[in-house]
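Chemist: After the structure tokens below, expect a handful of questions from me.
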Protein chains: 2
Amino acid sequence: MSRAKKQDRIAALAKYLSDRPSQLFPFSHFCDEFAVAKSTLSEDVQAVRESFEYFGLGEVETVSGAAGGVRFIPGLPPQKSRDFLSHLAAKLSEPGRIITGAYIYMSDILFDPAVTQVLGEIIYKRMAPRYQPDYIMTMETKGIPLAVMAARAFGVPLVIARRDSRVTEGSSVSINYMSGSTRRIQAMSLPRRALPQGAGVIIVDDFMKAGGTAKGMVDLANEVGARVLGACVLMSTREPSVKMVKDYTALLLLNQVDESARRTEIEVFGGSGERI
Amino acid sequence: MSRAKKQDRIAALAKYLSDRPSQLFPFSHFCDEFAVAKSTLSEDVQAVRESFEYFGLGEVETVSGAAGGVRFIPGLPPQKSRDFLSHLAAKLSEPGRIITGAYIYMSDILFDPAVTQVLGEIIYKRMAPRYQPDYIMTMETKGIPLAVMAARAFGVPLVIARRDSRVTEGSSVSINYMSGSTRRIQAMSLPRRALPQGAGVIIVDDFMKAGGTAKGMVDLANEVGARVLGACVLMSTREPSVKMVKDYTALLLLNQVDESARRTEIEVFGGSGERI
């Protein structure tokens, strides 16, 4: 097999890097893969960086030193993120999505990987400047696909809190929490081995009303000696304005659902960093 | 801003295509994005195709005609897939993973997006030659991240069967099914609007013993007028050899878990297409 040409390496490098966001690859990894010297690889990395910058596809970051390498930092430019969220807000405001009880049907959007992959990168972009989590944490079930994609963007694993403990996951830790909206006491559990002591965690979920579920996850993480750094939900409600957790942000804000008038008001939230 | 150079376009094209596996992009989409004529774009597509072929990163397929375009077909070469699964089998066989009741702790692996992304592509490669699903279906909770990544590879949305119906998802369809291993009757439900009539579905899950859960999903899909085309699980047990569903395949086969000797035997399964 003949040696790969420069354009072959550039296309492959673009794929390797963007397939594993936030993952630091040692330079030697690609020097070996491409059978080139470090100086040549540096030129290839620079070419991919310029391309991604030109088209607004994210950043290619090089880290120098012995533990150095190259990694892909995901995220659309601010205006593109905002357009994406505006489009999503409009879609979620369709009258046909209103469900008895003033709920909004969101599952089709939450379960579309093409949507959640972009949302995961928007969550990354929002949270990464302040927090470097070791894990993304969510509560089953609806927020899991979004949390998977946030974990992908951060290059970290996911942990999932369950409503009941499972015999297939070994001994577990449980807490009781109060659902802020229904005022019911519920249980939440995590396998004892899921989260190591001292781990930093970001909570990702689909929806927040009073914040009771997020507060439960904070307590559960504390129970095993982990720390919750912050929380990000796809959509939070305007009321109650005081939530049961403090450090949270949302991508969308649900102002109101008027079931009789069949009208929903959703706005893009916190895009410029305010009220985070 | 100056016009993008050929190598800029190639890096961007590699990223756009591999970010959205199976998605057919009209040629005009990229001609507009890159401000080039179709003949130039064809050369760029050819360059990315050659690169991906050279490094074994998947295929770039062009479809001609009015509804034509270009798409990325994901999947490692067979030997790399087999190596990946062998490595996974070894990891899952670690004695420390054995849980009282002869279960195996798999959550850390199932919840690592870097692992599930590759597994999703292996499932795609295994199933796509025979089935073109409209949806990937799974049952909450542990298999969801894997199913998300399979859905990503197929370029289709996910549907998630729940243990109970949720007020936030509107009216639902429920069935009762018998868990093949515990012999208990359990309920499984799906929002009525989750799956359109006539939709073709592939079931993806983490684990199969007797196949009761998969059989439940087949019944649930039938109940709403959808068709299950096939099923793929990460790991199935050797016993019982006759499962409650027929058209299934597994990536790994669990031969035995010997709790007292702390030994687990797992082999790579069906890689060559036999016993699918």
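Here's how to read the names in the structure tokens: chain A, B, ... by the order shown, residue numbers from 1 in each chain, ligand numbers from 1 in the order shown.
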According to DSSP computed on the backbone, where in range 14-236 of chain B is there strand (DSSP E or B)? Give the residues as a VMD selection string.
Modeler: chain B and resid 25 59 to 63 69 to 73 98 to 99 103 to 104 135 to 139 158 to 162 172 to 178 185 to 191 200 to 208 227 to 236
Chemist: Would you pick out the contacts of Leu253 in chain B at 6 Å or less, using only C-alpha atoms, so that residues sharing its chain but fewer than 5 positions from it are not included, and give the list as a list in words?
Modeler: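 So, after excluding close chain neighbours, the residues are Met235, Ser236, Thr237, Ile266, Glu267 and Phe269 of chain B.
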Chemist: Grab the residues selected above and save them as a PDB file, in the first residue's frame with C-alpha atoms.
Modeler:
```
ATOM      1  CA  MET B 235     -24.541  -9.835  24.881  1.00  0.00           C
ATOM      2  CA  SER B 236     -26.791 -12.867  24.943  1.00  0.00           C
ATOM      3  CA  THR B 237     -26.527 -15.944  27.132  1.00  0.00           C
ATOM      4  CA  ILE B 266     -17.519 -14.593  27.104  1.00  0.00           C
ATOM      5  CA  GLU B 267     -16.843 -15.032  23.394  1.00  0.00           C
ATOM      6  CA  PHE B 269     -20.353 -14.004  18.519  1.00  0.00           C
TER       7      PHE B 269
END
```
Chemist: Per residue of chain A within 6 Å of chain B, which atom pair is closest and at what distance in Å (one decimal), using only C-alpha atoms, listed by chain and increasing number, as a Markdown table?
Modeler:
```
| residue | atom | partner | partner_atom | distance |
| --- | --- | --- | --- | --- |
| A:Asp8 | CA | B:Ser51 | CA | 4.3 |
| A:Ile10 | CA | B:Ala11 | CA | 5.9 |
| A:Ala11 | CA | B:Ala11 | CA | 4.8 |
| A:Ala14 | CA | B:Ala11 | CA | 5.5 |
| A:Lys15 | CA | B:Lys15 | CA | 5.6 |
| A:Val48 | CA | B:Ala11 | CA | 5.9 |
| A:Ser51 | CA | B:Asp8 | CA | 4.3 |
| A:Ile99 | CA | B:Gly170 | CA | 5.6 |
| A:Tyr103 | CA | B:Thr168 | CA | 5.5 |
| A:Tyr105 | CA | B:Glu169 | CA | 5.6 |
| A:Phe111 | CA | B:Leu158 | CA | 5.1 |
| A:Asp112 | CA | B:Pro157 | CA | 4.5 |
| A:Pro113 | CA | B:Arg152 | CA | 5.4 |
| A:Arg152 | CA | B:Pro113 | CA | 5.4 |
| A:Pro157 | CA | B:Asp112 | CA | 4.5 |
| A:Leu158 | CA | B:Phe111 | CA | 5.1 |
| A:Thr168 | CA | B:Tyr103 | CA | 5.5 |
| A:Glu169 | CA | B:Tyr105 | CA | 5.7 |
| A:Gly170 | CA | B:Ile99 | CA | 5.6 |
```
Chemist: Leaving out Gly68 in chain B and any residue of its chain fewer than 5 positions from it, which residues lie within 12 Å of it when counting only C-alpha atoms, given as a list in words?
Modeler: Gln23, Leu24, Phe25, Pro26, Phe27, Ser28, His29, Glu61, Thr62 and Val63 of chain B
Chemist: Tell me which protein, DNA and RNA residues are within 6 Å of Val233 in chain B, counting only C-alpha atoms, leaving out same-chain ones fewer than 3 positions away, and put them as a list in words.
Modeler: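 So, after excluding close chain neighbours, the residues are Val204, Asp205, Asp206, Phe207 and Ala250 of chain B.
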Chemist: I want to know what sits within 9 Å of range 211-226 of chain B, based on only C-alpha atoms, with residues of the same chain fewer than 2 positions away left out; could you give that as a ChimeraX atom specification?
Modeler: /B:137-139,161,173-181,183,187-190,192,195-201,203-205,207-209,228,231,236,242-245
Chemist: In Å, how far is it from CA of Ala128 in chain A to CA of His87 in chain A?
Modeler: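 According to the coordinates, CA of Ala128 in chain A and CA of His87 in chain A are separated by 23.7 Å.
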